[in-house]
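What's in target.tsv: TSV, N, CA and C atoms
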```tsv
chain	number	residue	atom	x	y	z
Z	1	MET	N	0.85	-1.19	0.00
Z	1	MET	CA	0.00	0.00	0.00
Z	1	MET	C	0.89	1.24	0.00
Z	2	SER	N	0.63	2.13	-0.92
Z	2	SER	CA	1.43	3.36	-0.95
Z	2	SER	C	0.99	4.30	0.15
Z	3	THR	N	1.87	5.22	0.50
Z	3	THR	CA	1.55	6.15	1.58
Z	3	THR	C	0.56	7.21	1.10
Z	4	HIS	N	-0.17	7.73	2.03
Z	4	HIS	CA	-1.13	8.79	1.75
Z	4	HIS	C	-1.27	9.65	3.00
Z	5	PHE	N	-1.99	10.74	2.85
Z	5	PHE	CA	-2.02	11.73	3.93
Z	5	PHE	C	-2.66	11.23	5.22
Z	6	LEU	N	-3.44	10.15	5.19
Z	6	LEU	CA	-4.08	9.63	6.40
Z	6	LEU	C	-3.36	8.43	6.99
Z	7	ARG	N	-2.23	8.05	6.46
Z	7	ARG	CA	-1.55	6.83	6.87
Z	7	ARG	C	-1.36	6.74	8.38
Z	8	ASP	N	-0.79	7.75	8.99
Z	8	ASP	CA	-0.53	7.71	10.44
Z	8	ASP	C	-1.83	7.62	11.23
Z	9	CYS	N	-2.81	8.35	10.80
Z	9	CYS	CA	-4.10	8.36	11.48
Z	9	CYS	C	-4.77	6.98	11.39
Z	10	GLN	N	-4.67	6.33	10.24
Z	10	GLN	CA	-5.27	5.00	10.08
Z	10	GLN	C	-4.53	3.96	10.92
Z	11	GLN	N	-3.26	4.14	11.15
Z	11	GLN	CA	-2.49	3.18	11.94
Z	11	GLN	C	-2.80	3.30	13.43
Z	12	SER	N	-3.25	4.46	13.87
Z	12	SER	CA	-3.59	4.68	15.28
Z	12	SER	C	-4.89	5.46	15.40
Z	13	PRO	N	-6.01	4.89	14.93
Z	13	PRO	CA	-7.27	5.65	14.94
Z	13	PRO	C	-7.80	5.95	16.34
Z	14	GLU	N	-7.34	5.20	17.35
Z	14	GLU	CA	-7.81	5.44	18.71
Z	14	GLU	C	-7.13	6.64	19.36
Z	15	ALA	N	-6.04	7.11	18.76
Z	15	ALA	CA	-5.36	8.29	19.29
Z	15	ALA	C	-6.21	9.54	19.04
Z	16	GLU	N	-5.88	10.62	19.73
Z	16	GLU	CA	-6.57	11.88	19.49
Z	16	GLU	C	-5.90	12.57	18.31
Z	17	TRP	N	-6.70	13.04	17.37
Z	17	TRP	CA	-6.19	13.68	16.16
Z	17	TRP	C	-6.85	15.03	15.95
Z	18	SER	N	-6.12	15.92	15.35
Z	18	SER	CA	-6.68	17.19	14.91
Z	18	SER	C	-6.47	17.30	13.42
Z	19	LEU	N	-7.08	18.27	12.81
Z	19	LEU	CA	-6.98	18.47	11.37
Z	19	LEU	C	-6.37	19.83	11.11
Z	20	THR	N	-5.26	19.85	10.37
Z	20	THR	CA	-4.61	21.12	10.06
Z	20	THR	C	-4.47	21.28	8.56
Z	21	ASP	N	-4.43	22.51	8.12
Z	21	ASP	CA	-4.21	22.81	6.72
Z	21	ASP	C	-2.73	22.64	6.43
Z	22	ALA	N	-2.40	21.77	5.49
Z	22	ALA	CA	-0.99	21.47	5.20
Z	22	ALA	C	-0.26	22.70	4.66
Z	23	ALA	N	-0.96	23.59	3.98
Z	23	ALA	CA	-0.31	24.75	3.38
Z	23	ALA	C	0.00	25.84	4.41
Z	24	THR	N	-0.91	26.04	5.36
Z	24	THR	CA	-0.76	27.16	6.29
Z	24	THR	C	-0.44	26.73	7.72
Z	25	GLY	N	-0.72	25.47	8.05
Z	25	GLY	CA	-0.54	25.00	9.41
Z	25	GLY	C	-1.69	25.37	10.33
Z	26	ALA	N	-2.69	26.06	9.81
Z	26	ALA	CA	-3.84	26.47	10.62
Z	26	ALA	C	-4.66	25.24	11.03
Z	27	VAL	N	-5.10	25.22	12.28
Z	27	VAL	CA	-5.95	24.13	12.77
Z	27	VAL	C	-7.36	24.36	12.25
Z	28	ILE	N	-7.87	23.39	11.55
Z	28	ILE	CA	-9.22	23.48	10.98
Z	28	ILE	C	-10.23	22.82	11.90
Z	29	ALA	N	-9.85	21.68	12.47
Z	29	ALA	CA	-10.73	20.98	13.41
Z	29	ALA	C	-9.85	20.43	14.54
Z	30	PRO	N	-9.95	20.99	15.73
Z	30	PRO	CA	-9.15	20.50	16.85
Z	30	PRO	C	-9.44	19.04	17.20
Z	31	THR	N	-10.65	18.56	16.87
Z	31	THR	CA	-11.02	17.18	17.16
Z	31	THR	C	-11.43	16.49	15.87
Z	32	LEU	N	-10.68	15.45	15.50
Z	32	LEU	CA	-10.97	14.68	14.30
Z	32	LEU	C	-11.44	13.29	14.69
Z	33	LEU	N	-12.67	12.98	14.32
Z	33	LEU	CA	-13.22	11.65	14.54
Z	33	LEU	C	-12.90	10.81	13.31
Z	34	THR	N	-12.68	9.51	13.49
Z	34	THR	CA	-12.29	8.66	12.36
Z	34	THR	C	-13.31	7.57	12.09
Z	35	ALA	N	-13.44	7.22	10.81
Z	35	ALA	CA	-14.30	6.11	10.38
Z	35	ALA	C	-13.54	5.39	9.26
Z	36	PHE	N	-12.72	4.43	9.66
Z	36	PHE	CA	-11.88	3.73	8.70
Z	36	PHE	C	-12.33	2.29	8.45
Z	37	ASP	N	-13.23	1.76	9.27
Z	37	ASP	CA	-13.73	0.42	9.02
Z	37	ASP	C	-15.16	0.51	8.49
Z	38	ARG	N	-15.63	-0.59	7.91
Z	38	ARG	CA	-16.95	-0.60	7.27
Z	38	ARG	C	-18.06	-0.16	8.21
Z	39	ASP	N	-18.08	-0.68	9.42
Z	39	ASP	CA	-19.15	-0.34	10.36
Z	39	ASP	C	-19.18	1.16	10.68
Z	40	ARG	N	-18.03	1.73	10.95
Z	40	ARG	CA	-17.98	3.16	11.30
Z	40	ARG	C	-18.30	4.04	10.09
Z	41	ARG	N	-17.83	3.63	8.91
Z	41	ARG	CA	-18.15	4.40	7.71
Z	41	ARG	C	-19.65	4.35	7.43
Z	42	ASN	N	-20.26	3.17	7.58
Z	42	ASN	CA	-21.70	3.05	7.34
Z	42	ASN	C	-22.50	3.86	8.35
Z	43	ARG	N	-22.07	3.90	9.57
Z	43	ARG	CA	-22.78	4.66	10.62
Z	43	ARG	C	-22.56	6.17	10.45
Z	44	GLY	N	-21.32	6.57	10.17
Z	44	GLY	CA	-21.03	7.98	9.97
Z	44	GLY	C	-21.58	8.83	11.08
Z	45	LEU	N	-22.36	9.84	10.72
Z	45	LEU	CA	-22.96	10.76	11.70
Z	45	LEU	C	-24.45	10.48	11.91
Z	46	LEU	N	-24.94	9.37	11.37
Z	46	LEU	CA	-26.35	9.02	11.55
Z	46	LEU	C	-26.68	8.88	13.03
Z	47	GLY	N	-27.84	9.37	13.40
Z	47	GLY	CA	-28.29	9.28	14.78
Z	47	GLY	C	-27.85	10.44	15.66
Z	48	ARG	N	-26.97	11.28	15.15
Z	48	ARG	CA	-26.53	12.45	15.91
Z	48	ARG	C	-27.45	13.64	15.62
Z	49	ASP	N	-27.58	14.50	16.60
Z	49	ASP	CA	-28.35	15.73	16.42
Z	49	ASP	C	-27.48	16.86	15.89
Z	50	ASP	N	-26.17	16.73	16.05
Z	50	ASP	CA	-25.25	17.76	15.56
Z	50	ASP	C	-23.83	17.22	15.60
Z	51	LEU	N	-22.92	18.02	15.10
Z	51	LEU	CA	-21.49	17.77	15.21
Z	51	LEU	C	-20.93	19.05	15.82
Z	52	PRO	N	-20.37	18.97	17.02
Z	52	PRO	CA	-19.94	20.19	17.70
Z	52	PRO	C	-18.94	21.00	16.89
Z	53	ALA	N	-18.93	22.29	17.10
Z	53	ALA	CA	-17.95	23.16	16.46
Z	53	ALA	C	-16.55	22.65	16.80
Z	54	GLY	N	-15.67	22.69	15.83
Z	54	GLY	CA	-14.31	22.24	16.03
Z	54	GLY	C	-14.12	20.75	15.83
Z	55	HIS	N	-15.19	20.03	15.50
Z	55	HIS	CA	-15.12	18.60	15.24
Z	55	HIS	C	-15.32	18.33	13.75
Z	56	ALA	N	-14.69	17.27	13.28
Z	56	ALA	CA	-14.88	16.80	11.91
Z	56	ALA	C	-14.79	15.27	11.93
Z	57	LEU	N	-15.42	14.65	10.96
Z	57	LEU	CA	-15.36	13.20	10.79
Z	57	LEU	C	-14.69	12.91	9.47
Z	58	VAL	N	-13.66	12.05	9.48
Z	58	VAL	CA	-13.02	11.63	8.24
Z	58	VAL	C	-13.40	10.18	7.98
Z	59	LEU	N	-13.89	9.93	6.76
Z	59	LEU	CA	-14.25	8.59	6.31
Z	59	LEU	C	-13.28	8.19	5.20
Z	60	ALA	N	-12.65	7.03	5.36
Z	60	ALA	CA	-11.70	6.57	4.34
Z	60	ALA	C	-11.62	5.05	4.37
Z	61	PRO	N	-11.51	4.38	3.24
Z	61	PRO	CA	-11.62	4.98	1.91
Z	61	PRO	C	-13.07	5.33	1.63
Z	62	CYS	N	-13.26	6.44	0.93
Z	62	CYS	CA	-14.61	6.92	0.65
Z	62	CYS	C	-14.56	7.97	-0.45
Z	63	SER	N	-15.43	7.83	-1.44
Z	63	SER	CA	-15.51	8.84	-2.51
Z	63	SER	C	-16.94	9.34	-2.71
Z	64	GLY	N	-17.85	8.92	-1.83
Z	64	GLY	CA	-19.22	9.38	-1.93
Z	64	GLY	C	-19.95	9.18	-0.62
Z	65	ILE	N	-20.88	10.08	-0.34
Z	65	ILE	CA	-21.65	10.00	0.90
Z	65	ILE	C	-23.11	10.32	0.60
Z	66	HIS	N	-23.97	9.95	1.55
Z	66	HIS	CA	-25.37	10.36	1.49
Z	66	HIS	C	-25.73	11.00	2.82
Z	67	THR	N	-26.79	11.79	2.80
Z	67	THR	CA	-27.26	12.40	4.04
Z	67	THR	C	-28.68	11.93	4.37
Z	68	PHE	N	-29.04	10.74	3.89
Z	68	PHE	CA	-30.34	10.17	4.21
Z	68	PHE	C	-30.44	9.99	5.72
Z	69	PHE	N	-31.56	10.37	6.28
Z	69	PHE	CA	-31.85	10.24	7.70
Z	69	PHE	C	-31.01	11.16	8.60
Z	70	MET	N	-30.23	12.04	8.01
Z	70	MET	CA	-29.44	12.99	8.81
Z	70	MET	C	-30.37	14.03	9.42
Z	71	ARG	N	-29.94	14.61	10.52
Z	71	ARG	CA	-30.73	15.61	11.23
Z	71	ARG	C	-30.19	17.02	11.07
Z	72	PHE	N	-29.08	17.16	10.34
Z	72	PHE	CA	-28.48	18.49	10.17
Z	72	PHE	C	-27.68	18.51	8.86
Z	73	ALA	N	-27.43	19.71	8.37
Z	73	ALA	CA	-26.67	19.90	7.13
Z	73	ALA	C	-25.17	19.77	7.39
Z	74	LEU	N	-24.43	19.44	6.33
Z	74	LEU	CA	-22.99	19.23	6.43
Z	74	LEU	C	-22.23	20.06	5.42
Z	75	ASP	N	-20.98	20.36	5.74
Z	75	ASP	CA	-19.98	20.76	4.75
Z	75	ASP	C	-19.17	19.50	4.49
Z	76	VAL	N	-18.99	19.15	3.22
Z	76	VAL	CA	-18.34	17.90	2.84
Z	76	VAL	C	-17.13	18.23	1.98
Z	77	VAL	N	-15.96	17.71	2.37
Z	77	VAL	CA	-14.72	17.96	1.65
Z	77	VAL	C	-14.18	16.62	1.14
Z	78	PHE	N	-14.02	16.52	-0.18
Z	78	PHE	CA	-13.47	15.32	-0.80
Z	78	PHE	C	-11.98	15.53	-1.01
Z	79	VAL	N	-11.18	14.51	-0.63
Z	79	VAL	CA	-9.74	14.66	-0.59
Z	79	VAL	C	-9.06	13.52	-1.36
Z	80	SER	N	-8.03	13.86	-2.12
Z	80	SER	CA	-7.27	12.87	-2.88
Z	80	SER	C	-6.27	12.15	-1.97
Z	81	ARG	N	-5.63	11.14	-2.52
Z	81	ARG	CA	-4.62	10.36	-1.79
Z	81	ARG	C	-3.48	11.23	-1.28
Z	82	ASP	N	-3.08	12.23	-2.06
Z	82	ASP	CA	-1.95	13.07	-1.65
Z	82	ASP	C	-2.37	14.26	-0.80
Z	83	GLY	N	-3.66	14.34	-0.44
Z	83	GLY	CA	-4.11	15.38	0.47
Z	83	GLY	C	-4.68	16.62	-0.20
Z	84	GLU	N	-4.87	16.58	-1.50
Z	84	GLU	CA	-5.41	17.73	-2.22
Z	84	GLU	C	-6.94	17.74	-2.10
Z	85	VAL	N	-7.49	18.89	-1.81
Z	85	VAL	CA	-8.94	19.04	-1.78
Z	85	VAL	C	-9.43	19.01	-3.22
Z	86	LEU	N	-10.28	18.02	-3.53
Z	86	LEU	CA	-10.80	17.86	-4.88
Z	86	LEU	C	-12.12	18.60	-5.08
Z	87	LYS	N	-12.93	18.61	-4.02
Z	87	LYS	CA	-14.27	19.17	-4.15
Z	87	LYS	C	-14.79	19.52	-2.76
Z	88	VAL	N	-15.54	20.60	-2.67
Z	88	VAL	CA	-16.18	21.00	-1.42
Z	88	VAL	C	-17.66	21.22	-1.69
Z	89	ARG	N	-18.52	20.57	-0.90
Z	89	ARG	CA	-19.96	20.81	-0.96
Z	89	ARG	C	-20.36	21.43	0.37
Z	90	ARG	N	-20.86	22.64	0.30
Z	90	ARG	CA	-21.24	23.36	1.52
Z	90	ARG	C	-22.74	23.27	1.76
Z	91	HIS	N	-23.11	23.17	3.02
Z	91	HIS	CA	-24.51	23.13	3.44
Z	91	HIS	C	-25.29	22.05	2.71
Z	92	LEU	N	-24.72	20.84	2.66
Z	92	LEU	CA	-25.40	19.70	2.06
Z	92	LEU	C	-26.50	19.26	3.02
Z	93	ARG	N	-27.73	19.45	2.60
Z	93	ARG	CA	-28.89	19.19	3.47
Z	93	ARG	C	-29.19	17.69	3.55
Z	94	PRO	N	-30.00	17.31	4.55
Z	94	PRO	CA	-30.43	15.91	4.63
Z	94	PRO	C	-31.12	15.47	3.34
Z	95	TRP	N	-31.02	14.17	3.06
Z	95	TRP	CA	-31.63	13.52	1.91
Z	95	TRP	C	-30.95	13.89	0.59
Z	96	ARG	N	-29.64	14.07	0.64
Z	96	ARG	CA	-28.87	14.38	-0.57
Z	96	ARG	C	-27.73	13.38	-0.74
Z	97	LEU	N	-27.16	13.35	-1.95
Z	97	LEU	CA	-25.99	12.55	-2.28
Z	97	LEU	C	-24.86	13.48	-2.71
Z	98	ALA	N	-23.63	13.07	-2.48
Z	98	ALA	CA	-22.47	13.81	-2.98
Z	98	ALA	C	-21.38	12.78	-3.29
Z	99	ILE	N	-20.81	12.88	-4.49
Z	99	ILE	CA	-19.74	11.96	-4.87
Z	99	ILE	C	-18.61	12.73	-5.54
Z	100	CYS	N	-17.44	12.12	-5.53
Z	100	CYS	CA	-16.27	12.70	-6.19
Z	100	CYS	C	-15.34	11.55	-6.57
Z	101	PRO	N	-15.47	11.04	-7.81
Z	101	PRO	CA	-14.58	9.96	-8.23
Z	101	PRO	C	-13.12	10.37	-8.05
Z	102	GLY	N	-12.32	9.45	-7.58
Z	102	GLY	CA	-10.90	9.72	-7.36
Z	102	GLY	C	-10.56	10.16	-5.95
Z	103	ALA	N	-11.57	10.43	-5.13
Z	103	ALA	CA	-11.30	10.82	-3.74
Z	103	ALA	C	-10.91	9.60	-2.92
Z	104	LEU	N	-9.95	9.78	-2.02
Z	104	LEU	CA	-9.58	8.74	-1.06
Z	104	LEU	C	-10.43	8.86	0.20
Z	105	ALA	N	-10.76	10.09	0.56
Z	105	ALA	CA	-11.43	10.33	1.83
Z	105	ALA	C	-12.44	11.46	1.71
Z	106	VAL	N	-13.37	11.45	2.66
Z	106	VAL	CA	-14.34	12.52	2.81
Z	106	VAL	C	-14.21	13.04	4.24
Z	107	VAL	N	-14.16	14.35	4.37
Z	107	VAL	CA	-14.14	14.97	5.69
Z	107	VAL	C	-15.47	15.73	5.84
Z	108	GLU	N	-16.22	15.39	6.89
Z	108	GLU	CA	-17.52	16.00	7.13
Z	108	GLU	C	-17.44	16.94	8.33
Z	109	PHE	N	-18.02	18.12	8.15
Z	109	PHE	CA	-18.14	19.13	9.20
Z	109	PHE	C	-19.62	19.49	9.31
Z	110	ALA	N	-20.05	20.00	10.45
Z	110	ALA	CA	-21.37	20.62	10.50
Z	110	ALA	C	-21.36	21.78	9.53
Z	111	ALA	N	-22.51	22.11	8.95
Z	111	ALA	CA	-22.58	23.19	7.96
Z	111	ALA	C	-21.90	24.44	8.49
Z	112	GLY	N	-21.02	25.00	7.66
Z	112	GLY	CA	-20.25	26.18	8.04
Z	112	GLY	C	-18.90	25.85	8.66
Z	113	GLY	N	-18.69	24.61	9.03
Z	113	GLY	CA	-17.47	24.22	9.73
Z	113	GLY	C	-16.23	24.09	8.86
Z	114	ALA	N	-16.41	23.96	7.55
Z	114	ALA	CA	-15.25	23.82	6.66
Z	114	ALA	C	-14.55	25.15	6.44
Z	115	GLY	N	-15.14	26.21	6.91
Z	115	GLY	CA	-14.50	27.53	6.83
Z	115	GLY	C	-14.14	27.92	5.42
Z	116	VAL	N	-12.89	28.31	5.22
Z	116	VAL	CA	-12.45	28.84	3.93
Z	116	VAL	C	-11.86	27.77	3.02
Z	117	LEU	N	-11.94	26.49	3.42
Z	117	LEU	CA	-11.44	25.45	2.54
Z	117	LEU	C	-12.13	25.51	1.19
Z	118	ASN	N	-11.37	25.37	0.13
Z	118	ASN	CA	-11.95	25.29	-1.21
Z	118	ASN	C	-11.05	24.42	-2.07
Z	119	ALA	N	-11.42	24.24	-3.31
Z	119	ALA	CA	-10.69	23.33	-4.18
Z	119	ALA	C	-9.26	23.79	-4.46
Z	120	ASP	N	-8.91	25.02	-4.13
Z	120	ASP	CA	-7.55	25.50	-4.34
Z	120	ASP	C	-6.65	25.28	-3.12
Z	121	CYS	N	-7.24	24.86	-2.01
Z	121	CYS	CA	-6.46	24.63	-0.79
Z	121	CYS	C	-5.82	23.25	-0.83
Z	122	ARG	N	-4.77	23.09	-0.07
Z	122	ARG	CA	-4.23	21.75	0.16
Z	122	ARG	C	-5.00	21.15	1.31
Z	123	CYS	N	-5.15	19.86	1.26
Z	123	CYS	CA	-5.97	19.21	2.26
Z	123	CYS	C	-5.40	19.31	3.66
Z	124	PRO	N	-6.28	19.35	4.64
Z	124	PRO	CA	-5.83	19.24	6.03
Z	124	PRO	C	-5.18	17.89	6.24
Z	125	GLN	N	-4.27	17.82	7.18
Z	125	GLN	CA	-3.62	16.55	7.51
Z	125	GLN	C	-3.83	16.26	8.98
Z	126	GLY	N	-4.07	14.99	9.29
Z	126	GLY	CA	-4.23	14.59	10.68
Z	126	GLY	C	-2.90	14.66	11.40
Z	127	THR	N	-2.94	15.10	12.63
Z	127	THR	CA	-1.75	15.16	13.47
Z	127	THR	C	-2.10	14.58	14.82
Z	128	GLY	N	-1.40	13.56	15.22
Z	128	GLY	CA	-1.68	12.92	16.51
Z	128	GLY	C	-1.42	13.84	17.67
Z	129	ALA	N	-2.30	13.79	18.62
Z	129	ALA	CA	-2.13	14.56	19.85
Z	129	ALA	C	-1.77	13.60	20.97
Z	130	THR	N	-0.94	14.02	21.87
Z	130	THR	CA	-0.58	13.14	22.99
Z	130	THR	C	-1.23	13.57	24.26
```
Structure re-expressed in structure tokens:
Amino acid sequence: MSTHFLRDCQQSPEAEWSLTDAATGAVIAPTLLTAFDRDRRNRGLLGRDDLPAGHALVLAPCSGIHTFFMRFALDVVFVSRDGEVLKVRRHLRPWRLAICPGALAVVEFAAGGAGVLNADCRCPQGTGAT
């Protein structure tokens, strides 16, 4: 398996992780939740009433998501293997689909949480916290 921007995070998903912008070093989400196995990816954010400010969920491998049965809107960021932001969908309401062929991962924020991320930004990278 070749290396990718989530490699360290996938090797230690139980550790505490934050999300930073690789280009600027700015912290985008102080708390990064992970969904790297089938069960966690399938569950995602279903059943939650919200995602607190400063939190994000990364699903990998993943190139498409749905918001069926969701209770709140999301900002969705599709990311390539090398960490490049491929696509950003803002305020994706419940009962919608979003896909991006070629994405390795999807990072989900509560609506408005993706801030200034756009397709010209470099992807945030997980950084283990001790």
- [ ] List every residue of chain Z that DSSP, applied to the backbone of this structure, places in helix (DSSP H, G or I), and write the result as a list in words.
- [x] Arg7, Asp8, Cys9, Gln10, Gln11, Arg38, Asp39, Arg40, Arg41, Asn42 and Arg43 of chain Z
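One distance worth recording is that between atom CA of Z:Cys100 and atom CA of Z:Asp75, which is 14.1 Å.
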TODO: Please measure the separation of atom CA of Z:Leu32 and atom CA of Z:Leu57, giving the value in Å to one decimal.
DONE: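 These two atoms are separated by 5.8 Å.
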- [ ] Show which residues sit within 10 Å of Z:Leu51, as a PyMOL selection string. Count only C-alpha atoms, and ignore same-chain residues fewer than 3 positions away.
- [x] chain Z and resi 45+48+54-57+72-74+108-111+113
Task: Shortest interatomic distance to Z:Lys87 - which of Z:Val27, Z:Met70, Z:Leu117, Z:Ala60, counting only C-alpha atoms - done: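 Nearest to Z:Lys87: Z:Leu117.
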Task: Nearest-residue call for Z:Arg96, choices Z:Leu33, Z:Val116, Z:Val76, Z:Ile65, using only N, CA and C atoms - done: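 Of the candidates, the smallest distance to Z:Arg96 is held by Z:Ile65.
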Task: Computed interatomic separation between atom CA of Z:Pro52 and atom CA of Z:Gly102 (Å) - done: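 Straight-line distance from atom CA of Z:Pro52 to atom CA of Z:Gly102 works out to 28.6 Å.
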Grab all the atoms of stretch 57-62 of chain Z that the file lists, wrap them in a box along x, y and z, add 4 Å per side, and give me centre plus edge lengths in Å (one decimal) as AutoDock Vina command-line options.
```
--center_x -13.5 --center_y 9.5 --center_z 5.3 --size_x 11.9 --size_y 18.3 --size_z 19.4
```
Around the point (-20.7, 26.0, 3.4) in the file's coordinates, collect all residues with an atom within 5 Å, using all atoms listed in the file, and return them as an mmCIF file with N, CA and C atoms, in the frame of the given file.
```
data_model
loop_
_atom_site.group_PDB
_atom_site.id
_atom_site.type_symbol
_atom_site.label_atom_id
_atom_site.label_comp_id
_atom_site.auth_asym_id
_atom_site.auth_seq_id
_atom_site.Cartn_x
_atom_site.Cartn_y
_atom_site.Cartn_z
ATOM 1 N N ARG Z 90 -20.860 22.640 0.300
ATOM 2 C CA ARG Z 90 -21.240 23.360 1.520
ATOM 3 C C ARG Z 90 -22.740 23.270 1.760
ATOM 4 N N HIS Z 91 -23.110 23.170 3.020
ATOM 5 C CA HIS Z 91 -24.510 23.130 3.440
ATOM 6 C C HIS Z 91 -25.290 22.050 2.710
ATOM 7 N N GLY Z 112 -21.020 25.000 7.660
ATOM 8 C CA GLY Z 112 -20.250 26.180 8.040
ATOM 9 C C GLY Z 112 -18.900 25.850 8.660
#
```
Open item on the list: Can you tell me which residues surround Z:Asp37 at a distance of at most 7 Å, considering all atoms listed in the file, apart from same-chain residues fewer than 4 positions away, and format the answer as a count of residues only?
Closed with: 4
N, CA, C and O atoms are needed for stretch 24-35 of chain Z; please write them out as a PDB file, in the frame of the given file.
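Result written to rebuild.pdb:
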```
ATOM      1  N   THR Z  24      -0.910  26.040   5.360  1.00  0.00           N
ATOM      2  CA  THR Z  24      -0.760  27.160   6.290  1.00  0.00           C
ATOM      3  C   THR Z  24      -0.440  26.730   7.720  1.00  0.00           C
ATOM      4  O   THR Z  24       0.011  27.542   8.520  1.00  0.00           O
ATOM      5  N   GLY Z  25      -0.720  25.470   8.050  1.00  0.00           N
ATOM      6  CA  GLY Z  25      -0.540  25.000   9.410  1.00  0.00           C
ATOM      7  C   GLY Z  25      -1.690  25.370  10.330  1.00  0.00           C
ATOM      8  O   GLY Z  25      -1.685  25.025  11.511  1.00  0.00           O
ATOM      9  N   ALA Z  26      -2.690  26.060   9.810  1.00  0.00           N
ATOM     10  CA  ALA Z  26      -3.840  26.470  10.620  1.00  0.00           C
ATOM     11  C   ALA Z  26      -4.660  25.240  11.030  1.00  0.00           C
ATOM     12  O   ALA Z  26      -4.905  24.347  10.219  1.00  0.00           O
ATOM     13  N   VAL Z  27      -5.100  25.220  12.280  1.00  0.00           N
ATOM     14  CA  VAL Z  27      -5.950  24.130  12.770  1.00  0.00           C
ATOM     15  C   VAL Z  27      -7.360  24.360  12.250  1.00  0.00           C
ATOM     16  O   VAL Z  27      -7.966  25.410  12.495  1.00  0.00           O
ATOM     17  N   ILE Z  28      -7.870  23.390  11.550  1.00  0.00           N
ATOM     18  CA  ILE Z  28      -9.220  23.480  10.980  1.00  0.00           C
ATOM     19  C   ILE Z  28     -10.230  22.820  11.900  1.00  0.00           C
ATOM     20  O   ILE Z  28     -11.326  23.329  12.075  1.00  0.00           O
ATOM     21  N   ALA Z  29      -9.850  21.680  12.470  1.00  0.00           N
ATOM     22  CA  ALA Z  29     -10.730  20.980  13.410  1.00  0.00           C
ATOM     23  C   ALA Z  29      -9.850  20.430  14.540  1.00  0.00           C
ATOM     24  O   ALA Z  29      -9.067  19.509  14.315  1.00  0.00           O
ATOM     25  N   PRO Z  30      -9.950  20.990  15.730  1.00  0.00           N
ATOM     26  CA  PRO Z  30      -9.150  20.500  16.850  1.00  0.00           C
ATOM     27  C   PRO Z  30      -9.440  19.040  17.200  1.00  0.00           C
ATOM     28  O   PRO Z  30      -8.589  18.360  17.739  1.00  0.00           O
ATOM     29  N   THR Z  31     -10.650  18.560  16.870  1.00  0.00           N
ATOM     30  CA  THR Z  31     -11.020  17.180  17.160  1.00  0.00           C
ATOM     31  C   THR Z  31     -11.430  16.490  15.870  1.00  0.00           C
ATOM     32  O   THR Z  31     -12.407  16.892  15.218  1.00  0.00           O
ATOM     33  N   LEU Z  32     -10.680  15.450  15.500  1.00  0.00           N
ATOM     34  CA  LEU Z  32     -10.970  14.680  14.300  1.00  0.00           C
ATOM     35  C   LEU Z  32     -11.440  13.290  14.690  1.00  0.00           C
ATOM     36  O   LEU Z  32     -10.714  12.543  15.345  1.00  0.00           O
ATOM     37  N   LEU Z  33     -12.670  12.980  14.320  1.00  0.00           N
ATOM     38  CA  LEU Z  33     -13.220  11.650  14.540  1.00  0.00           C
ATOM     39  C   LEU Z  33     -12.900  10.810  13.310  1.00  0.00           C
ATOM     40  O   LEU Z  33     -12.836  11.339  12.200  1.00  0.00           O
ATOM     41  N   THR Z  34     -12.680   9.510  13.490  1.00  0.00           N
ATOM     42  CA  THR Z  34     -12.290   8.660  12.360  1.00  0.00           C
ATOM     43  C   THR Z  34     -13.310   7.570  12.090  1.00  0.00           C
ATOM     44  O   THR Z  34     -13.946   7.056  13.017  1.00  0.00           O
ATOM     45  N   ALA Z  35     -13.440   7.220  10.810  1.00  0.00           N
ATOM     46  CA  ALA Z  35     -14.300   6.110  10.380  1.00  0.00           C
ATOM     47  C   ALA Z  35     -13.540   5.390   9.260  1.00  0.00           C
ATOM     48  O   ALA Z  35     -13.693   5.718   8.086  1.00  0.00           O
TER      49      ALA Z  35
END
```
